Amino acid sequence: GWPHAQVERARSRRSKLGRDARLAGEGDRRLRQVGPVSGGDEVTRSGGGPRSWTWTTRAKLETLEEYLSAFTKACAGKSEEIVYIDLFAGGLENFDRDTGTVLLSSARLACRASPPFTRLRFVEVRSKAEQLRVLMQREFPGRDIKVFGGDCNERIDDLLADLGPVNWAPTFAFVDPDGMEVRWDTIRKLAAHKRQGRTKVEIWMLFAAPGIMR
């Protein structure tokens with residue numbers, strides 16, 4: 001990545017985890033009224049629609065939001081291209097099960113980062129990819145946004161080939177699987193994407209502790 005003092009301020013958001021953890025007890029009580037958790041910290045509304053998440057996801061997205069803008073600010077003026085990659089894009093909108101408020105997805109946060117990313121590439125399961133593409137084109141017209149449908153482990157080569165002409169540009173990759181879906185070879189390809197230089201792709205990756213222990 002491109003080091004910058006503003007990135008350190010974004011990291012300070014992690015201190016909010018302790019505060020949010022104190023809300024978990026109340027959230028657990030509310031969860032019993034909603035229903036059982038179905039994998040990770042996610043709860044699905046009956047009948048489909050936006051997904052429900054706990055305080056851990058809220059804290060993660062708050063930190064990501066500040067970090068993305070810090071990243072693009074650090075790159076502004078140094079590169080005419082700034083690239084964002086999201087291997088598990090999900091939907092554009094979710095909600096906080098503790099408060100019922102809307103949680104903007106990582107995809108939407110990336111598109112709203114200021115200064116903006118110039119190219120944004122997303123991967124989403126094939127059944128949802130087209131809907132995500134249409135929604136993003138509608139909300140962010142004129143932006144260089146592409147959505148690759150399918151398994152990120154199978155589409156990573158296509159995605160990186162698409163970005164080949166700008167493999168010199170500062171690039172941020174968000175890898176946020178629900179479990180252990182991402183293969184090590186996919187991470188290796190991300191890390192090797194940029195041509196030889198003083199920077200690499202900056203990768204933010206969720207390590208799901210329960211999956212690792214299993």
# chains A, B, ... in the order shown; residues from 1 in each chain; ligands from 1
>>> closest_atom_pairs(of="segment 156-213 of chain A", to="segment 82-106 of chain A", cutoff="7 Å", atoms="only C-alpha atoms", output="tab-separated table")
residue	atom	partner	partner_atom	distance
A:Ala169	CA	A:Ile82	CA	6.0
A:Pro170	CA	A:Ile82	CA	5.4
A:Thr171	CA	A:Val83	CA	4.5
A:Phe172	CA	A:Tyr84	CA	5.0
A:Ala173	CA	A:Ile85	CA	4.5
A:Phe174	CA	A:Asp86	CA	4.8
A:Val175	CA	A:Leu87	CA	5.5
A:Asp176	CA	A:Phe88	CA	6.0
A:Pro177	CA	A:Phe88	CA	6.1
>>> write_last_selection(atoms="N, CA, C and O atoms", output="PDB file, in the first residue's frame")
ATOM      1  N   ALA A 169      -0.799   0.559 -10.449  1.00  0.00           N
ATOM      2  CA  ALA A 169      -1.540   1.522  -9.630  1.00  0.00           C
ATOM      3  C   ALA A 169      -1.724   1.037  -8.198  1.00  0.00           C
ATOM      4  O   ALA A 169      -1.792  -0.170  -7.938  1.00  0.00           O
ATOM      5  N   PRO A 170      -1.814   1.962  -7.239  1.00  0.00           N
ATOM      6  CA  PRO A 170      -2.127   1.563  -5.861  1.00  0.00           C
ATOM      7  C   PRO A 170      -3.463   0.823  -5.830  1.00  0.00           C
ATOM      8  O   PRO A 170      -4.455   1.284  -6.382  1.00  0.00           O
ATOM      9  N   THR A 171      -3.469  -0.334  -5.167  1.00  0.00           N
ATOM     10  CA  THR A 171      -4.622  -1.228  -5.205  1.00  0.00           C
ATOM     11  C   THR A 171      -4.945  -1.733  -3.812  1.00  0.00           C
ATOM     12  O   THR A 171      -4.056  -2.180  -3.081  1.00  0.00           O
ATOM     13  N   PHE A 172      -6.221  -1.661  -3.457  1.00  0.00           N
ATOM     14  CA  PHE A 172      -6.706  -2.141  -2.167  1.00  0.00           C
ATOM     15  C   PHE A 172      -7.653  -3.304  -2.423  1.00  0.00           C
ATOM     16  O   PHE A 172      -8.588  -3.190  -3.212  1.00  0.00           O
ATOM     17  N   ALA A 173      -7.430  -4.425  -1.737  1.00  0.00           N
ATOM     18  CA  ALA A 173      -8.286  -5.606  -1.880  1.00  0.00           C
ATOM     19  C   ALA A 173      -8.923  -5.947  -0.540  1.00  0.00           C
ATOM     20  O   ALA A 173      -8.228  -6.110   0.459  1.00  0.00           O
ATOM     21  N   PHE A 174     -10.249  -6.051  -0.545  1.00  0.00           N
ATOM     22  CA  PHE A 174     -11.003  -6.421   0.649  1.00  0.00           C
ATOM     23  C   PHE A 174     -11.468  -7.862   0.472  1.00  0.00           C
ATOM     24  O   PHE A 174     -12.215  -8.174  -0.451  1.00  0.00           O
ATOM     25  N   VAL A 175     -11.006  -8.730   1.375  1.00  0.00           N
ATOM     26  CA  VAL A 175     -11.320 -10.161   1.296  1.00  0.00           C
ATOM     27  C   VAL A 175     -12.048 -10.532   2.581  1.00  0.00           C
ATOM     28  O   VAL A 175     -11.433 -10.717   3.630  1.00  0.00           O
ATOM     29  N   ASP A 176     -13.377 -10.626   2.488  1.00  0.00           N
ATOM     30  CA  ASP A 176     -14.211 -10.768   3.683  1.00  0.00           C
ATOM     31  C   ASP A 176     -15.173 -11.946   3.530  1.00  0.00           C
ATOM     32  O   ASP A 176     -16.383 -11.764   3.390  1.00  0.00           O
ATOM     33  N   PRO A 177     -14.649 -13.172   3.575  1.00  0.00           N
ATOM     34  CA  PRO A 177     -15.520 -14.339   3.398  1.00  0.00           C
ATOM     35  C   PRO A 177     -16.387 -14.602   4.621  1.00  0.00           C
ATOM     36  O   PRO A 177     -16.064 -14.177   5.725  1.00  0.00           O
TER      37      PRO A 177
END
>>> residues_around(residues="Ala110 of chain A", least_positions_apart="2", cutoff="9 Å", atoms="only C-alpha atoms", output="PDB file with all heavy atoms, in the first residue's frame")
ATOM      1  N   LEU A  64     -13.504   0.119   8.115  1.00  0.00           N
ATOM      2  CA  LEU A  64     -13.219   0.067   6.681  1.00  0.00           C
ATOM      3  C   LEU A  64     -13.527   1.396   6.010  1.00  0.00           C
ATOM      4  O   LEU A  64     -12.742   1.875   5.182  1.00  0.00           O
ATOM      5  CB  LEU A  64     -14.047  -1.049   6.035  1.00  0.00           C
ATOM      6  CG  LEU A  64     -13.916  -1.166   4.516  1.00  0.00           C
ATOM      7  CD1 LEU A  64     -12.516  -1.642   4.133  1.00  0.00           C
ATOM      8  CD2 LEU A  64     -14.972  -2.122   3.951  1.00  0.00           C
ATOM      9  N   GLU A  65     -14.640   2.015   6.362  1.00  0.00           N
ATOM     10  CA  GLU A  65     -15.034   3.280   5.743  1.00  0.00           C
ATOM     11  C   GLU A  65     -13.952   4.343   5.902  1.00  0.00           C
ATOM     12  O   GLU A  65     -13.579   5.023   4.942  1.00  0.00           O
ATOM     13  CB  GLU A  65     -16.347   3.766   6.347  1.00  0.00           C
ATOM     14  CG  GLU A  65     -16.843   5.069   5.753  1.00  0.00           C
ATOM     15  CD  GLU A  65     -18.164   5.516   6.332  1.00  0.00           C
ATOM     16  OE1 GLU A  65     -18.542   5.031   7.428  1.00  0.00           O
ATOM     17  OE2 GLU A  65     -18.839   6.340   5.701  1.00  0.00           O
ATOM     18  N   LEU A  68     -10.625   3.307   3.950  1.00  0.00           N
ATOM     19  CA  LEU A  68     -10.665   3.470   2.499  1.00  0.00           C
ATOM     20  C   LEU A  68     -10.398   4.918   2.094  1.00  0.00           C
ATOM     21  O   LEU A  68      -9.641   5.178   1.154  1.00  0.00           O
ATOM     22  CB  LEU A  68     -12.018   3.010   1.953  1.00  0.00           C
ATOM     23  CG  LEU A  68     -12.292   1.509   1.999  1.00  0.00           C
ATOM     24  CD1 LEU A  68     -13.678   1.209   1.434  1.00  0.00           C
ATOM     25  CD2 LEU A  68     -11.230   0.721   1.258  1.00  0.00           C
ATOM     26  N   SER A  69     -11.027   5.858   2.789  1.00  0.00           N
ATOM     27  CA  SER A  69     -10.780   7.264   2.465  1.00  0.00           C
ATOM     28  C   SER A  69      -9.349   7.667   2.795  1.00  0.00           C
ATOM     29  O   SER A  69      -8.734   8.470   2.074  1.00  0.00           O
ATOM     30  CB  SER A  69     -11.780   8.156   3.204  1.00  0.00           C
ATOM     31  OG  SER A  69     -13.075   8.025   2.646  1.00  0.00           O
ATOM     32  N   TYR A  84      -9.825  -0.601  -6.461  1.00  0.00           N
ATOM     33  CA  TYR A  84     -10.446  -1.324  -5.351  1.00  0.00           C
ATOM     34  C   TYR A  84     -10.925  -2.683  -5.842  1.00  0.00           C
ATOM     35  O   TYR A  84     -11.546  -2.790  -6.899  1.00  0.00           O
ATOM     36  CB  TYR A  84     -11.635  -0.540  -4.789  1.00  0.00           C
ATOM     37  CG  TYR A  84     -12.368  -1.252  -3.669  1.00  0.00           C
ATOM     38  CD1 TYR A  84     -11.925  -1.171  -2.350  1.00  0.00           C
ATOM     39  CD2 TYR A  84     -13.507  -2.015  -3.929  1.00  0.00           C
ATOM     40  CE1 TYR A  84     -12.601  -1.827  -1.323  1.00  0.00           C
ATOM     41  CE2 TYR A  84     -14.186  -2.666  -2.906  1.00  0.00           C
ATOM     42  CZ  TYR A  84     -13.721  -2.571  -1.611  1.00  0.00           C
ATOM     43  OH  TYR A  84     -14.387  -3.230  -0.598  1.00  0.00           O
ATOM     44  N   SER A 105     -22.984  -1.533   2.746  1.00  0.00           N
ATOM     45  CA  SER A 105     -22.082  -2.634   2.461  1.00  0.00           C
ATOM     46  C   SER A 105     -20.697  -2.133   2.099  1.00  0.00           C
ATOM     47  O   SER A 105     -20.493  -0.950   1.802  1.00  0.00           O
ATOM     48  CB  SER A 105     -22.630  -3.466   1.307  1.00  0.00           C
ATOM     49  OG  SER A 105     -22.579  -2.706   0.106  1.00  0.00           O
ATOM     50  N   SER A 106     -19.738  -3.053   2.075  1.00  0.00           N
ATOM     51  CA  SER A 106     -18.376  -2.690   1.684  1.00  0.00           C
ATOM     52  C   SER A 106     -18.357  -2.152   0.260  1.00  0.00           C
ATOM     53  O   SER A 106     -17.597  -1.220  -0.053  1.00  0.00           O
ATOM     54  CB  SER A 106     -17.450  -3.899   1.800  1.00  0.00           C
ATOM     55  OG  SER A 106     -17.904  -4.978   0.997  1.00  0.00           O
ATOM     56  N   ALA A 107     -19.200  -2.706  -0.617  1.00  0.00           N
ATOM     57  CA  ALA A 107     -19.242  -2.243  -1.998  1.00  0.00           C
ATOM     58  C   ALA A 107     -19.674  -0.779  -2.080  1.00  0.00           C
ATOM     59  O   ALA A 107     -19.069   0.036  -2.783  1.00  0.00           O
ATOM     60  CB  ALA A 107     -20.198  -3.121  -2.816  1.00  0.00           C
ATOM     61  N   ARG A 108     -20.705  -0.432  -1.349  1.00  0.00           N
ATOM     62  CA  ARG A 108     -21.194   0.948  -1.365  1.00  0.00           C
ATOM     63  C   ARG A 108     -20.190   1.895  -0.700  1.00  0.00           C
ATOM     64  O   ARG A 108     -19.978   3.016  -1.164  1.00  0.00           O
ATOM     65  CB  ARG A 108     -22.547   1.027  -0.670  1.00  0.00           C
ATOM     66  CG  ARG A 108     -23.201   2.371  -0.739  1.00  0.00           C
ATOM     67  CD  ARG A 108     -24.609   2.315  -0.184  1.00  0.00           C
ATOM     68  NE  ARG A 108     -25.590   2.122  -1.237  1.00  0.00           N
ATOM     69  CZ  ARG A 108     -26.791   1.587  -1.045  1.00  0.00           C
ATOM     70  NH1 ARG A 108     -27.144   1.154   0.146  1.00  0.00           N
ATOM     71  NH2 ARG A 108     -27.636   1.475  -2.048  1.00  0.00           N
ATOM     72  N   ARG A 112     -18.252   5.192  -2.342  1.00  0.00           N
ATOM     73  CA  ARG A 112     -18.430   6.514  -1.745  1.00  0.00           C
ATOM     74  C   ARG A 112     -17.136   7.098  -1.183  1.00  0.00           C
ATOM     75  O   ARG A 112     -17.137   8.229  -0.682  1.00  0.00           O
ATOM     76  CB  ARG A 112     -19.463   6.430  -0.613  1.00  0.00           C
ATOM     77  CG  ARG A 112     -20.873   6.164  -1.094  1.00  0.00           C
ATOM     78  CD  ARG A 112     -21.869   6.242   0.051  1.00  0.00           C
ATOM     79  NE  ARG A 112     -23.246   6.160  -0.407  1.00  0.00           N
ATOM     80  CZ  ARG A 112     -24.300   6.424   0.351  1.00  0.00           C
ATOM     81  NH1 ARG A 112     -24.133   6.778   1.616  1.00  0.00           N
ATOM     82  NH2 ARG A 112     -25.524   6.327  -0.139  1.00  0.00           N
ATOM     83  N   ALA A 113     -16.062   6.340  -1.233  1.00  0.00           N
ATOM     84  CA  ALA A 113     -14.790   6.837  -0.685  1.00  0.00           C
ATOM     85  C   ALA A 113     -14.402   8.144  -1.364  1.00  0.00           C
ATOM     86  O   ALA A 113     -14.628   8.339  -2.561  1.00  0.00           O
ATOM     87  CB  ALA A 113     -13.693   5.789  -0.877  1.00  0.00           C
ATOM     88  N   SER A 114     -13.813   9.043  -0.603  1.00  0.00           N
ATOM     89  CA  SER A 114     -13.386  10.343  -1.120  1.00  0.00           C
ATOM     90  C   SER A 114     -11.986  10.672  -0.608  1.00  0.00           C
ATOM     91  O   SER A 114     -11.770  10.674   0.598  1.00  0.00           O
ATOM     92  CB  SER A 114     -14.371  11.439  -0.694  1.00  0.00           C
ATOM     93  OG  SER A 114     -13.976  12.696  -1.201  1.00  0.00           O
ATOM     94  N   PRO A 116     -12.128   9.475  -4.751  1.00  0.00           N
ATOM     95  CA  PRO A 116     -12.708   8.216  -5.219  1.00  0.00           C
ATOM     96  C   PRO A 116     -11.679   7.229  -5.766  1.00  0.00           C
ATOM     97  O   PRO A 116     -10.605   7.613  -6.244  1.00  0.00           O
ATOM     98  CB  PRO A 116     -13.645   8.679  -6.340  1.00  0.00           C
ATOM     99  CG  PRO A 116     -12.978   9.906  -6.881  1.00  0.00           C
ATOM    100  CD  PRO A 116     -12.364  10.591  -5.689  1.00  0.00           C
ATOM    101  N   PHE A 117     -12.025   5.949  -5.680  1.00  0.00           N
ATOM    102  CA  PHE A 117     -11.312   4.937  -6.443  1.00  0.00           C
ATOM    103  C   PHE A 117     -11.685   5.129  -7.911  1.00  0.00           C
ATOM    104  O   PHE A 117     -12.841   5.427  -8.233  1.00  0.00           O
ATOM    105  CB  PHE A 117     -11.706   3.531  -5.997  1.00  0.00           C
ATOM    106  CG  PHE A 117     -11.156   3.131  -4.657  1.00  0.00           C
ATOM    107  CD1 PHE A 117     -11.923   3.293  -3.512  1.00  0.00           C
ATOM    108  CD2 PHE A 117      -9.881   2.598  -4.549  1.00  0.00           C
ATOM    109  CE1 PHE A 117     -11.415   2.915  -2.267  1.00  0.00           C
ATOM    110  CE2 PHE A 117      -9.369   2.221  -3.311  1.00  0.00           C
ATOM    111  CZ  PHE A 117     -10.137   2.385  -2.171  1.00  0.00           C
ATOM    112  N   LEU A 120     -13.243  -0.001  -9.791  1.00  0.00           N
ATOM    113  CA  LEU A 120     -13.739  -0.866  -8.723  1.00  0.00           C
ATOM    114  C   LEU A 120     -14.171  -2.191  -9.334  1.00  0.00           C
ATOM    115  O   LEU A 120     -14.965  -2.219 -10.290  1.00  0.00           O
ATOM    116  CB  LEU A 120     -14.908  -0.221  -7.980  1.00  0.00           C
ATOM    117  CG  LEU A 120     -14.601   1.133  -7.323  1.00  0.00           C
ATOM    118  CD1 LEU A 120     -15.154   2.274  -8.185  1.00  0.00           C
ATOM    119  CD2 LEU A 120     -15.176   1.218  -5.917  1.00  0.00           C
TER     120      LEU A 120
END
